[in-house]
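Asks: Structure: data24.csv, CSV, C-alpha atoms and all ligand atoms.
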chain,number,residue,atom,x,y,z
L,1,MET,CA,0.0,0.0,0.0
L,2,LEU,CA,2.8,2.4,0.9
L,3,ALA,CA,4.5,1.6,-2.4
L,4,ALA,CA,1.3,2.5,-4.2
L,5,ASN,CA,1.1,5.9,-2.5
L,6,ALA,CA,4.9,6.6,-2.7
L,7,PRO,CA,5.9,9.4,-5.0
L,8,ALA,CA,5.0,8.1,-8.5
L,9,ARG,CA,8.3,9.3,-9.9
L,10,LEU,CA,10.4,7.2,-7.5
L,11,VAL,CA,8.2,4.1,-8.0
L,12,ARG,CA,8.4,4.5,-11.8
L,13,ALA,CA,12.2,4.9,-11.7
L,14,HIS,CA,13.2,2.1,-9.4
L,15,ASN,CA,10.1,0.2,-8.3
L,16,GLY,CA,10.0,2.3,-5.2
L,17,ILE,CA,13.4,2.0,-3.8
L,18,LEU,CA,16.6,3.5,-5.1
L,19,PRO,CA,19.8,1.4,-5.4
L,20,SER,CA,21.5,3.7,-2.9
L,21,ALA,CA,18.6,3.3,-0.4
L,22,ARG,CA,18.8,-0.5,-0.9
L,23,PHE,CA,22.5,-0.5,-0.3
L,24,LEU,CA,22.2,1.6,2.9
L,25,ALA,CA,19.7,-1.0,4.3
L,26,GLN,CA,22.2,-3.7,3.4
L,27,TYR,CA,25.0,-1.8,5.1
L,28,ASP,CA,22.9,-1.5,8.3
L,29,SER,CA,22.5,-5.2,8.3
L,30,TRP,CA,26.2,-5.8,7.9
L,31,LEU,CA,26.9,-3.4,10.8
L,32,ALA,CA,24.4,-5.2,13.0
L,33,GLN,CA,26.2,-8.5,12.6
L,34,ALA,CA,29.7,-7.1,12.3
L,35,PRO,CA,32.6,-8.8,14.0
L,36,GLU,CA,34.5,-6.7,16.5
L,37,ASP,CA,37.4,-6.1,14.1
L,38,TYR,CA,35.3,-5.1,11.1
L,39,CYS,CA,36.7,-2.7,8.4
L,40,ASP,CA,34.3,0.0,7.4
L,41,LEU,CA,35.3,1.3,4.0
L,42,ALA,CA,31.8,1.8,2.7
L,43,LEU,CA,31.0,5.4,3.5
L,44,GLY,CA,33.2,8.5,4.1
L,45,ASN,CA,32.6,8.1,7.8
L,46,PRO,CA,35.2,8.9,10.5
L,47,GLN,CA,37.0,5.9,11.9
L,48,SER,CA,38.9,7.7,14.6
L,49,MET,CA,38.1,10.3,17.2
L,50,PRO,CA,37.0,13.8,16.1
L,51,LEU,CA,39.4,16.8,15.9
L,52,ALA,CA,40.0,18.3,19.4
L,53,GLY,CA,39.4,21.8,18.1
L,54,PHE,CA,36.0,20.8,16.8
L,55,VAL,CA,34.9,19.4,20.2
L,56,ASP,CA,36.2,22.5,21.9
L,57,ALA,CA,34.3,24.8,19.5
L,58,LEU,CA,31.0,23.0,20.1
L,59,THR,CA,31.6,22.9,23.9
L,60,LYS,CA,32.0,26.7,23.9
L,61,ALA,CA,29.1,27.3,21.6
L,62,VAL,CA,26.7,25.3,23.7
L,63,THR,CA,26.7,27.8,26.6
L,64,PRO,CA,24.0,30.4,25.8
L,65,LYS,CA,25.0,34.1,25.7
L,66,ASP,CA,21.5,35.4,25.4
L,67,LYS,CA,17.9,34.3,25.5
L,68,ASN,CA,17.8,33.9,21.7
L,69,TRP,CA,20.8,31.5,21.6
L,70,PHE,CA,18.7,28.5,20.7
L,71,ALA,CA,15.8,30.4,19.1
L,72,TYR,CA,14.7,29.6,15.6
L,73,LYS,CA,17.6,30.3,13.4
L,74,LYS,CA,17.7,31.5,9.8
L,75,ASN,CA,20.8,32.5,8.0
L,76,GLU,CA,22.6,34.3,10.8
L,77,PRO,CA,24.6,37.4,9.8
L,78,TYR,CA,27.8,36.2,11.6
L,79,SER,CA,27.6,32.8,9.8
L,80,ARG,CA,27.1,34.5,6.5
L,81,ASP,CA,30.1,36.7,7.1
L,82,VAL,CA,32.4,33.7,7.9
L,83,ILE,CA,31.4,32.0,4.6
L,84,GLN,CA,31.6,35.2,2.6
L,85,ALA,CA,35.3,35.6,3.7
L,86,ASP,CA,36.0,31.9,2.9
L,87,LEU,CA,34.4,32.2,-0.5
L,88,ARG,CA,36.5,35.3,-1.3
L,89,ASN,CA,39.6,33.2,-0.5
L,90,VAL,CA,38.4,30.2,-2.6
L,91,THR,CA,37.0,32.0,-5.6
L,92,GLY,CA,38.5,35.5,-5.5
L,93,ARG,CA,35.0,36.9,-5.9
L,94,HIS,CA,32.7,38.9,-3.7
L,95,PHE,CA,29.5,37.0,-2.7
L,96,ASP,CA,26.8,39.1,-1.1
L,97,PRO,CA,26.0,37.7,2.4
L,98,GLU,CA,22.3,37.8,1.5
L,99,ASP,CA,23.0,35.2,-1.1
L,100,ILE,CA,24.5,32.7,1.3
L,101,PHE,CA,22.1,30.2,2.9
L,102,LEU,CA,23.2,28.0,5.9
L,103,THR,CA,22.0,24.4,5.4
L,104,ASN,CA,22.1,21.0,7.0
L,105,GLY,CA,25.2,19.9,5.1
L,106,ALA,CA,25.3,19.6,1.3
L,107,THR,CA,22.2,17.3,1.3
L,108,GLY,CA,20.0,20.1,2.6
L,109,ALA,CA,21.7,22.6,0.2
L,110,LEU,CA,21.1,20.4,-2.8
L,111,MET,CA,17.5,19.6,-1.9
L,112,VAL,CA,16.6,23.3,-1.3
L,113,THR,CA,18.3,24.3,-4.6
L,114,LEU,CA,16.6,21.6,-6.6
L,115,ASN,CA,13.2,22.4,-5.0
L,116,SER,CA,13.7,26.0,-6.0
L,117,LEU,CA,14.8,25.5,-9.6
L,118,VAL,CA,12.9,22.5,-10.8
L,119,GLY,CA,9.4,22.6,-12.1
L,120,ALA,CA,7.2,19.9,-13.7
L,121,GLY,CA,8.8,18.5,-16.8
L,122,ASP,CA,12.2,20.0,-16.1
L,123,GLU,CA,15.3,18.0,-16.6
L,124,VAL,CA,18.5,18.0,-14.5
L,125,ILE,CA,21.7,16.5,-15.8
L,126,TYR,CA,24.2,14.8,-13.5
L,127,ILE,CA,27.5,13.3,-14.4
L,128,SER,CA,28.2,9.7,-13.7
L,129,PRO,CA,30.1,8.2,-11.9
L,130,HIS,CA,28.2,10.1,-9.3
L,131,TRP,CA,27.3,10.7,-5.7
L,132,PHE,CA,24.5,8.2,-5.1
L,133,PHE,CA,21.7,10.5,-4.1
L,134,TYR,CA,21.6,12.9,-7.0
L,135,GLU,CA,19.1,10.9,-9.0
L,136,GLY,CA,16.7,10.4,-6.1
L,137,MET,CA,16.9,14.1,-5.2
L,138,ILE,CA,16.1,15.2,-8.7
L,139,LEU,CA,13.2,12.8,-8.8
L,140,ASN,CA,12.1,14.0,-5.4
L,141,SER,CA,12.1,17.6,-6.5
L,142,GLY,CA,9.7,16.6,-9.3
L,143,GLY,CA,12.3,16.7,-12.1
L,144,THR,CA,13.6,14.2,-14.6
L,145,ALA,CA,17.1,12.9,-13.9
L,146,VAL,CA,19.3,12.8,-17.0
L,147,CYS,CA,22.5,10.8,-16.5
L,148,VAL,CA,25.5,11.7,-18.7
L,149,LYS,CA,28.6,9.5,-18.5
L,150,ALA,CA,32.0,11.0,-17.9
L,151,ASN,CA,34.8,9.8,-20.2
L,152,PRO,CA,35.3,6.2,-19.0
L,153,GLU,CA,39.2,6.4,-19.2
L,154,SER,CA,39.9,9.9,-17.8
L,155,PHE,CA,36.7,10.5,-15.9
L,156,ASN,CA,36.7,14.0,-17.4
L,157,LEU,CA,33.5,15.7,-18.5
L,158,ASP,CA,32.3,14.5,-21.9
L,159,ILE,CA,31.2,17.9,-23.3
L,160,ASP,CA,29.8,16.3,-26.5
L,161,ALA,CA,27.7,13.9,-24.5
L,162,ILE,CA,26.5,16.8,-22.3
L,163,GLU,CA,25.6,18.7,-25.4
L,164,ARG,CA,23.6,15.8,-26.8
L,165,ALA,CA,21.7,15.5,-23.4
L,166,ILE,CA,20.6,19.2,-23.3
L,167,THR,CA,17.1,19.9,-24.4
L,168,MET,CA,14.7,22.8,-24.0
L,169,GLN,CA,13.6,21.2,-20.7
L,170,THR,CA,17.1,21.3,-19.2
L,171,ARG,CA,17.0,23.4,-16.1
L,172,ALA,CA,20.3,22.6,-14.4
L,173,ILE,CA,23.4,20.5,-14.4
L,174,ILE,CA,25.1,19.2,-11.3
L,175,VAL,CA,28.9,19.2,-11.5
L,176,ASN,CA,30.9,17.6,-8.6
L,177,SER,CA,34.6,18.4,-8.5
L,178,PRO,CA,36.6,16.8,-6.9
L,179,ASN,CA,34.3,14.0,-7.9
L,180,ASN,CA,32.9,11.4,-5.6
L,181,PRO,CA,33.8,8.6,-6.4
L,182,THR,CA,36.5,9.1,-9.0
L,183,GLY,CA,38.5,11.9,-7.4
L,184,ARG,CA,38.7,13.7,-10.7
L,185,ILE,CA,39.2,17.5,-10.5
L,186,TYR,CA,37.9,19.3,-13.6
L,187,THR,CA,40.4,21.6,-15.2
L,188,PRO,CA,39.8,25.2,-16.1
L,189,GLU,CA,39.8,24.2,-19.7
L,190,GLN,CA,37.0,21.7,-19.2
L,191,MET,CA,35.0,24.3,-17.2
L,192,LYS,CA,35.5,26.9,-19.9
L,193,ALA,CA,34.2,24.4,-22.5
L,194,LEU,CA,31.2,23.5,-20.3
L,195,SER,CA,30.5,27.2,-19.7
L,196,ALA,CA,30.5,28.0,-23.4
L,197,LEU,CA,28.1,25.1,-24.0
L,198,LEU,CA,25.7,26.2,-21.2
L,199,GLN,CA,25.8,29.8,-22.4
L,200,ALA,CA,25.0,28.8,-26.0
L,201,SER,CA,22.3,26.4,-24.9
L,202,SER,CA,20.7,28.9,-22.5
L,203,ARG,CA,20.5,31.4,-25.4
L,204,LYS,CA,19.2,28.8,-27.8
L,205,PHE,CA,16.3,27.8,-25.5
L,206,GLY,CA,15.6,31.2,-24.1
L,207,ARG,CA,16.1,30.4,-20.4
L,208,PRO,CA,19.2,30.0,-18.2
L,209,ILE,CA,20.6,26.5,-17.5
L,210,HIS,CA,22.0,26.7,-13.9
L,211,LEU,CA,25.3,25.1,-12.9
L,212,ILE,CA,25.0,23.5,-9.5
L,213,SER,CA,28.6,23.2,-8.3
L,214,ASP,CA,28.8,20.5,-5.6
L,215,GLU,CA,32.1,21.3,-4.0
L,216,ALA,CA,31.8,19.0,-1.0
L,217,TYR,CA,35.4,17.8,-1.4
L,218,ARG,CA,37.1,21.0,-2.5
L,219,THR,CA,39.6,20.9,0.3
L,220,ILE,CA,40.4,17.2,0.0
L,221,ILE,CA,43.0,17.5,-2.7
L,222,TYR,CA,46.2,15.4,-2.9
L,223,ASP,CA,49.8,16.0,-4.2
L,224,GLY,CA,49.5,19.8,-4.0
L,225,GLY,CA,46.9,19.8,-6.8
L,226,GLU,CA,44.7,22.8,-7.5
L,227,PHE,CA,41.0,23.3,-7.5
L,228,GLU,CA,39.2,26.3,-9.1
L,229,SER,CA,35.6,26.6,-8.3
L,230,PRO,CA,33.4,25.9,-11.4
L,231,SER,CA,31.4,28.9,-10.4
L,232,ASN,CA,34.3,31.1,-11.5
L,233,PHE,CA,33.6,30.1,-15.1
L,234,TYR,CA,29.8,30.6,-15.4
L,235,ALA,CA,27.5,33.3,-14.2
L,236,ASN,CA,24.5,31.2,-13.5
L,237,SER,CA,26.2,29.1,-10.9
L,238,ILE,CA,25.2,28.0,-7.4
L,239,VAL,CA,27.9,26.8,-5.0
L,240,ILE,CA,27.1,23.9,-2.7
L,241,TYR,CA,29.4,23.1,0.2
L,242,THR,CA,29.5,21.0,3.3
L,243,TYR,CA,31.9,21.1,6.3
L,244,GLY,CA,31.2,17.4,6.9
L,245,LYS,CA,34.1,16.3,4.7
L,246,THR,CA,36.8,18.7,5.7
L,247,LEU,CA,36.1,18.2,9.4
L,248,LEU,CA,35.2,14.6,9.0
L,249,THR,CA,32.0,15.2,11.0
L,250,PRO,CA,29.3,14.4,8.5
L,251,GLY,CA,26.7,13.7,11.2
L,252,GLN,CA,27.0,17.2,12.8
L,253,ARG,CA,25.5,18.8,9.7
L,254,ILE,CA,26.5,22.2,8.4
L,255,GLY,CA,26.9,23.4,4.9
L,256,TYR,CA,25.6,26.1,2.5
L,257,ILE,CA,24.2,27.4,-0.8
L,258,ALA,CA,25.9,30.4,-2.3
L,259,LEU,CA,24.4,32.2,-5.3
L,260,SER,CA,26.9,33.6,-7.8
L,261,PRO,CA,26.9,37.4,-7.7
L,262,GLU,CA,26.8,37.5,-11.5
L,263,MET,CA,23.7,35.4,-11.8
L,264,ASP,CA,20.7,36.5,-14.0
L,265,GLU,CA,17.7,37.6,-11.9
L,266,LEU,CA,19.7,37.2,-8.7
L,267,ALA,CA,17.1,39.0,-6.5
L,268,ALA,CA,14.3,36.7,-7.7
L,269,MET,CA,16.5,33.6,-7.1
L,270,ARG,CA,17.4,34.8,-3.6
L,271,GLU,CA,13.7,35.0,-2.8
L,272,VAL,CA,12.9,31.6,-4.1
L,273,ILE,CA,15.8,29.9,-2.3
L,274,SER,CA,15.1,31.7,0.9
L,275,THR,CA,11.4,30.6,0.8
L,276,SER,CA,12.2,27.1,-0.2
L,277,GLN,CA,14.8,26.8,2.7
L,278,MET,CA,12.3,28.0,5.3
L,279,LEU,CA,9.6,25.7,4.0
L,280,CYS,CA,12.0,22.7,4.7
L,281,GLY,CA,12.7,23.7,8.3
L,282,TRP,CA,15.1,20.8,8.5
L,283,ALA,CA,17.3,22.5,5.8
L,284,VAL,CA,18.5,25.3,8.1
L,285,SER,CA,21.7,24.6,10.0
L,286,SER,CA,21.2,24.3,13.7
L,287,ALA,CA,21.8,27.2,16.2
L,288,LEU,CA,24.7,25.2,17.8
L,289,MET,CA,26.5,24.7,14.5
L,290,GLN,CA,26.0,28.3,13.4
L,291,HIS,CA,27.4,29.6,16.7
L,292,SER,CA,30.4,27.3,16.2
L,293,LEU,CA,31.2,28.2,12.6
L,294,GLY,CA,33.7,30.9,13.3
L,295,ALA,CA,35.8,28.5,15.3
L,296,ILE,CA,35.5,25.4,13.1
L,297,GLN,CA,35.7,26.8,9.6
L,298,SER,CA,39.5,27.0,9.6
L,299,LEU,CA,39.9,23.4,11.0
L,300,SER,CA,40.7,20.4,8.8
L,301,LEU,CA,41.3,16.7,9.0
L,302,ASP,CA,45.0,15.7,8.6
L,303,LEU,CA,45.3,15.8,4.8
L,304,HIS,CA,48.9,14.6,4.9
L,305,HIS,CA,47.8,11.4,6.8
L,306,LEU,CA,44.9,11.0,4.5
L,307,GLN,CA,47.2,11.0,1.5
L,308,GLU,CA,49.5,8.5,3.2
L,309,LYS,CA,46.5,6.2,3.6
L,310,ARG,CA,45.5,6.7,0.0
L,311,ASP,CA,49.0,5.8,-1.1
L,312,ARG,CA,49.3,2.8,1.1
L,313,PHE,CA,45.8,1.5,0.0
L,314,VAL,CA,46.4,2.0,-3.7
L,315,ALA,CA,49.8,0.3,-3.5
L,316,GLY,CA,48.4,-2.6,-1.4
L,317,LEU,CA,45.5,-3.2,-3.7
L,318,ARG,CA,47.7,-3.2,-6.7
L,319,ASP,CA,50.1,-5.6,-5.0
L,320,CYS,CA,47.3,-8.1,-4.5
L,321,GLY,CA,46.2,-7.9,-8.1
L,322,TYR,CA,43.5,-5.1,-8.3
L,323,LYS,CA,43.5,-2.5,-11.0
L,324,THR,CA,42.8,0.9,-9.4
L,325,HIS,CA,43.7,4.5,-10.3
L,326,THR,CA,45.1,7.1,-7.9
L,327,PRO,CA,42.5,9.7,-7.1
L,328,GLU,CA,43.4,13.4,-7.3
L,329,GLY,CA,40.9,14.3,-4.5
L,330,ALA,CA,38.0,13.2,-2.4
L,331,PHE,CA,37.9,10.1,-0.1
L,332,TYR,CA,37.6,7.2,-2.4
L,333,LEU,CA,39.4,4.4,-4.4
L,334,THR,CA,37.6,2.5,-7.0
L,335,PRO,CA,39.3,-0.9,-7.6
L,336,LYS,CA,38.0,-3.1,-10.3
L,337,THR,CA,36.3,-6.2,-8.9
L,338,PRO,CA,37.7,-9.6,-10.0
L,339,MET,CA,34.2,-10.8,-10.9
L,340,ALA,CA,31.7,-8.8,-13.0
L,341,ASP,CA,29.1,-8.8,-10.2
L,342,ASP,CA,30.3,-6.0,-7.9
L,343,VAL,CA,27.3,-6.5,-5.6
L,344,ALA,CA,28.1,-10.2,-5.1
L,345,PHE,CA,31.8,-9.4,-4.6
L,346,ALA,CA,31.0,-6.7,-2.0
L,347,GLU,CA,28.8,-9.3,-0.2
L,348,ARG,CA,31.7,-11.8,-0.2
L,349,LEU,CA,34.0,-9.2,1.4
L,350,ALA,CA,31.2,-8.2,3.9
L,351,THR,CA,30.9,-11.8,5.1
L,352,ARG,CA,34.6,-11.4,6.1
L,353,GLY,CA,34.0,-8.1,7.9
L,354,VAL,CA,35.2,-5.8,5.1
L,355,PHE,CA,32.4,-3.4,4.1
L,356,CYS,CA,32.6,-1.6,0.7
L,357,LEU,CA,30.2,0.1,-1.6
L,358,PRO,CA,29.4,-1.8,-4.8
L,359,GLY,CA,30.4,0.4,-7.7
L,360,SER,CA,27.1,-0.2,-9.5
L,361,VAL,CA,25.4,2.1,-6.9
L,362,VAL,CA,27.6,5.0,-8.1
L,363,GLY,CA,27.7,4.4,-11.8
L,364,MET,CA,30.8,2.1,-11.8
L,365,PRO,CA,29.6,-1.5,-12.2
L,366,GLY,CA,32.4,-4.0,-11.9
L,367,HIS,CA,34.1,-1.8,-9.3
L,368,LEU,CA,34.0,-1.1,-5.6
L,369,ARG,CA,34.2,2.2,-3.9
L,370,VAL,CA,36.4,2.1,-0.8
L,371,SER,CA,37.0,5.0,1.5
L,372,VAL,CA,40.4,6.1,2.7
L,373,THR,CA,38.8,7.6,5.8
L,374,ALA,CA,39.4,4.1,7.2
L,375,SER,CA,42.0,3.9,10.0
L,376,ASP,CA,45.5,2.6,9.3
L,377,GLU,CA,44.7,-0.6,11.2
L,378,MET,CA,41.5,-1.2,9.1
L,379,ILE,CA,43.5,-0.8,5.9
L,380,GLU,CA,46.1,-3.3,7.1
L,381,ARG,CA,43.5,-5.8,8.2
L,382,ALA,CA,41.5,-5.4,5.0
L,383,LEU,CA,44.3,-5.9,2.5
L,384,PRO,CA,45.0,-9.6,3.1
L,385,ILE,CA,41.3,-10.2,2.8
L,386,PHE,CA,41.2,-8.3,-0.5
L,387,ALA,CA,44.1,-10.5,-1.6
L,388,GLU,CA,42.4,-13.8,-0.6
L,389,GLU,CA,39.1,-12.9,-2.2
L,390,ASN,CA,40.9,-11.9,-5.4
L,391,ASN,CA,42.7,-15.2,-5.5
L,392,ARG,CA,39.5,-17.1,-4.9
L,393,CYS,CA,38.1,-15.5,-8.1
L,394,CYS,CA,41.1,-15.9,-10.3
V,401,LIG,C1,29.5,14.7,-3.6
V,401,LIG,C2,28.7,14.8,-2.4
V,401,LIG,N1,27.7,15.8,-2.4
V,401,LIG,C3,27.0,15.9,-1.3
V,401,LIG,C4,27.1,15.1,-0.2
V,401,LIG,C5,26.2,15.3,1.0
V,401,LIG,O1,26.9,16.0,2.0
V,401,LIG,P1,26.4,16.1,3.5
V,401,LIG,O2,26.8,14.8,4.1
V,401,LIG,O3,27.0,17.2,4.1
V,401,LIG,O4,24.9,16.2,3.4
V,401,LIG,C6,28.0,14.1,-0.2
V,401,LIG,C7,28.2,13.2,0.9
V,401,LIG,O5,28.8,12.2,0.9
V,401,LIG,C8,28.9,13.9,-1.4
V,401,LIG,O6,29.8,13.0,-1.4
Can the structure in the file be given as structure tokens, please?
Ligand SMILES: Cc1ncc(COP(=O)(O)O)c(C=O)c1O
Replies:
Amino acid sequence: MLAANAPARLVRAHNGILPSARFLAQYDSWLAQAPEDYCDLALGNPQSMPLAGFVDALTKAVTPKDKNWFAYKKNEPYSRDVIQADLRNVTGRHFDPEDIFLTNGATGALMVTLNSLVGAGDEVIYISPHWFFYEGMILNSGGTAVCVKANPESFNLDIDAIERAITMQTRAIIVNSPNNPTGRIYTPEQMKALSALLQASSRKFGRPIHLISDEAYRTIIYDGGEFESPSNFYANSIVIYTYGKTLLTPGQRIGYIALSPEMDELAAMREVISTSQMLCGWAVSSALMQHSLGAIQSLSLDLHHLQEKRDRFVAGLRDCGYKTHTPEGAFYLTPKTPMADDVAFAERLATRGVFCLPGSVVGMPGHLRVSVTASDEMIERALPIFAEENNRCC
């Protein structure tokens, strides 16, 4: 009965349950039966204690300074100022504080943005391999999700394929750089090419196509690589950010939406985003997190250590026979599975206490997605199991 009443678009798309939701249920059951020494590589979750500075900041922020400390919060001016200064550092551009919206992580930011932009019949393009909730979020906002594959070798944007996917219904494109799961950072050349295409297509169809720039991992960059915000290349851009990755505290949700100052009809968009955010009360970041923001925004996980874990894990997987590339950014490795059925292979590993995301959930069938947020000990425990399971298949 519930399925019959569920949003028709979700039912039509996936018989009521998205592959990502199905996986998360599976993951919960793995955790429920996990041996004591399990290795959790499935999600970008912390596997060690939080940053001391983070805990201190929250501890200080919890003591009320006035009667409104825990009152309903909107986008508090002090939070907006912190983010405006950070955006100036990252982009070199001046964002108006009024165009910055504090959200419950990037999920809240994306949902508010899609709810604001998408109307009946609108299409939203996302690039695959992809973060596993884009499709569901687009469907949930009432739009049609259009998946465009990245180049399978380089994982770069396939501009010709994007051009073929754009129609007069295209309302927005989601670009995620550094990409989850591939780690690819799109170069300025690619962003210029995308921008030229979006400008030409917007002109052709007589309404702007918005670029939703999901920058969740913009600080997680290895080998001294560089990231330039896609929003620097296209006027009708919306920046999405979360502190959950940089601080490795994804459950203590805080993130934001920032509208590009150069956007067409900026004032109208500001109104719509603001209303949409308030209508989803859950999408406004909590009082505690907004009070903490000034202190936490400059903190970061230990990127050097993360890179060491990436290198150890890549080398270890290759030594035991897996083909895997070295990501430029983000949290994930994507080794090729020794059997075509990545779901079955993930299940085999799970029976031995090693939890990985099957690649087919993120547009990479025949691969796994494994997170380097794992502890050193987990990586060392998991590698011999990866080796044995590879040998069993070969
Ligand atoms: C690319 C990408 N976008 C958005 C999100 C959602 O971020 P949050 O956990 O802050 O809601 C994630 C989380 O994994 C992600 O990987």
Asks: Of the candidates L:Asn236, L:Ser292, L:Asn391, L:Gln297, which one gets nearest to Ile83 of chain L if we count all atoms listed in the file?
Replies: L:Gln297
Asks: Step by step, measure atom-to-atom distances between ligand LIG 401 (chain V) and each residue using only C-alpha atoms and all ligand atoms, keep those at most 9 Å, then write them as a PyMOL selection string.
Replies: chain L and resi 43-45+103-110+130-134+176-181+214-217+240-245+249-255+330-331
Asks: Would you save the residues of that selection, restricted to C-alpha atoms, as a compact mmCIF listing (two decimals), in the frame of the given file?
Replies:
# COMPACT_ATOMS: atom_id res chain seq x y z
CA LEU L 43 31.00 5.40 3.50
CA GLY L 44 33.20 8.50 4.10
CA ASN L 45 32.60 8.10 7.80
CA THR L 103 22.00 24.40 5.40
CA ASN L 104 22.10 21.00 7.00
CA GLY L 105 25.20 19.90 5.10
CA ALA L 106 25.30 19.60 1.30
CA THR L 107 22.20 17.30 1.30
CA GLY L 108 20.00 20.10 2.60
CA ALA L 109 21.70 22.60 0.20
CA LEU L 110 21.10 20.40 -2.80
CA HIS L 130 28.20 10.10 -9.30
CA TRP L 131 27.30 10.70 -5.70
CA PHE L 132 24.50 8.20 -5.10
CA PHE L 133 21.70 10.50 -4.10
CA TYR L 134 21.60 12.90 -7.00
CA ASN L 176 30.90 17.60 -8.60
CA SER L 177 34.60 18.40 -8.50
CA PRO L 178 36.60 16.80 -6.90
CA ASN L 179 34.30 14.00 -7.90
CA ASN L 180 32.90 11.40 -5.60
CA PRO L 181 33.80 8.60 -6.40
CA ASP L 214 28.80 20.50 -5.60
CA GLU L 215 32.10 21.30 -4.00
CA ALA L 216 31.80 19.00 -1.00
CA TYR L 217 35.40 17.80 -1.40
CA ILE L 240 27.10 23.90 -2.70
CA TYR L 241 29.40 23.10 0.20
CA THR L 242 29.50 21.00 3.30
CA TYR L 243 31.90 21.10 6.30
CA GLY L 244 31.20 17.40 6.90
CA LYS L 245 34.10 16.30 4.70
CA THR L 249 32.00 15.20 11.00
CA PRO L 250 29.30 14.40 8.50
CA GLY L 251 26.70 13.70 11.20
CA GLN L 252 27.00 17.20 12.80
CA ARG L 253 25.50 18.80 9.70
CA ILE L 254 26.50 22.20 8.40
CA GLY L 255 26.90 23.40 4.90
CA ALA L 330 38.00 13.20 -2.40
CA PHE L 331 37.90 10.10 -0.10
Asks: What lies within 10 Å of Ala34 of chain L using all atoms listed in the file, ignoring chain neighbours under 6 positions off, as a PyMOL selection string?
Replies: chain L and resi 28+40+350-355
Asks: Listing only residues of segment 28-136 of chain L within 12 Å of segment 228-234 of chain L, what is the closest atom pair and its distance in Å (to one decimal) for each, using all atoms listed in the file, sorted by chain and residue number ascending, as CSV?
Replies:
residue,atom,partner,partner_atom,distance
L:Leu87,CA,L:Ser229,CA,9.7
L:Arg88,CA,L:Ser229,CA,11.2
L:Asn89,CA,L:Ser229,CA,11.0
L:Val90,CA,L:Ser229,CA,7.3
L:Thr91,CA,L:Ser229,CA,6.2
L:Gly92,CA,L:Asn232,CA,8.5
L:Arg93,CA,L:Asn232,CA,8.1
L:His94,CA,L:Asn232,CA,11.1
L:Phe95,CA,L:Ser231,CA,11.3
Asks: Looking at all atoms listed in the file, which of L:Lys60, L:Tyr222, L:Lys65, L:Leu383 is the one that sits closest to Asp319 of chain L?
Replies: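 Answer, going by the shortest atom-to-atom distance: L:Leu383.
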Asks: Quote the spacing between atom CA of Leu197 of chain L and atom CA of Ile162 of chain L in Å to one decimal place.
Replies: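 These two atoms are separated by 8.6 Å.
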Asks: Segment 334-344 of chain L: which residues within 8 Å, counting only C-alpha atoms, same-chain residues fewer than 4 positions away excluded, as a PyMOL selection string?
Replies: chain L and resi 181-182+317+322-325+348+358-360+365-370+390+393-394
Asks: What lies within 6 Å of Ile127 of chain L using only C-alpha atoms, ignoring chain neighbours under 6 positions off, as a list in words?
Replies: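 After dropping sequence-adjacent residues, the list is Cys147, Val148 and Lys149 of chain L.
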Asks: Kindly give the distance, in Å, that separates atom CA of Arg80 of chain L and atom CA of Thr187 of chain L, rounded to a single decimal.
Replies: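 Interatomic distance, atom CA of Arg80 of chain L to atom CA of Thr187 of chain L: 28.5 Å.
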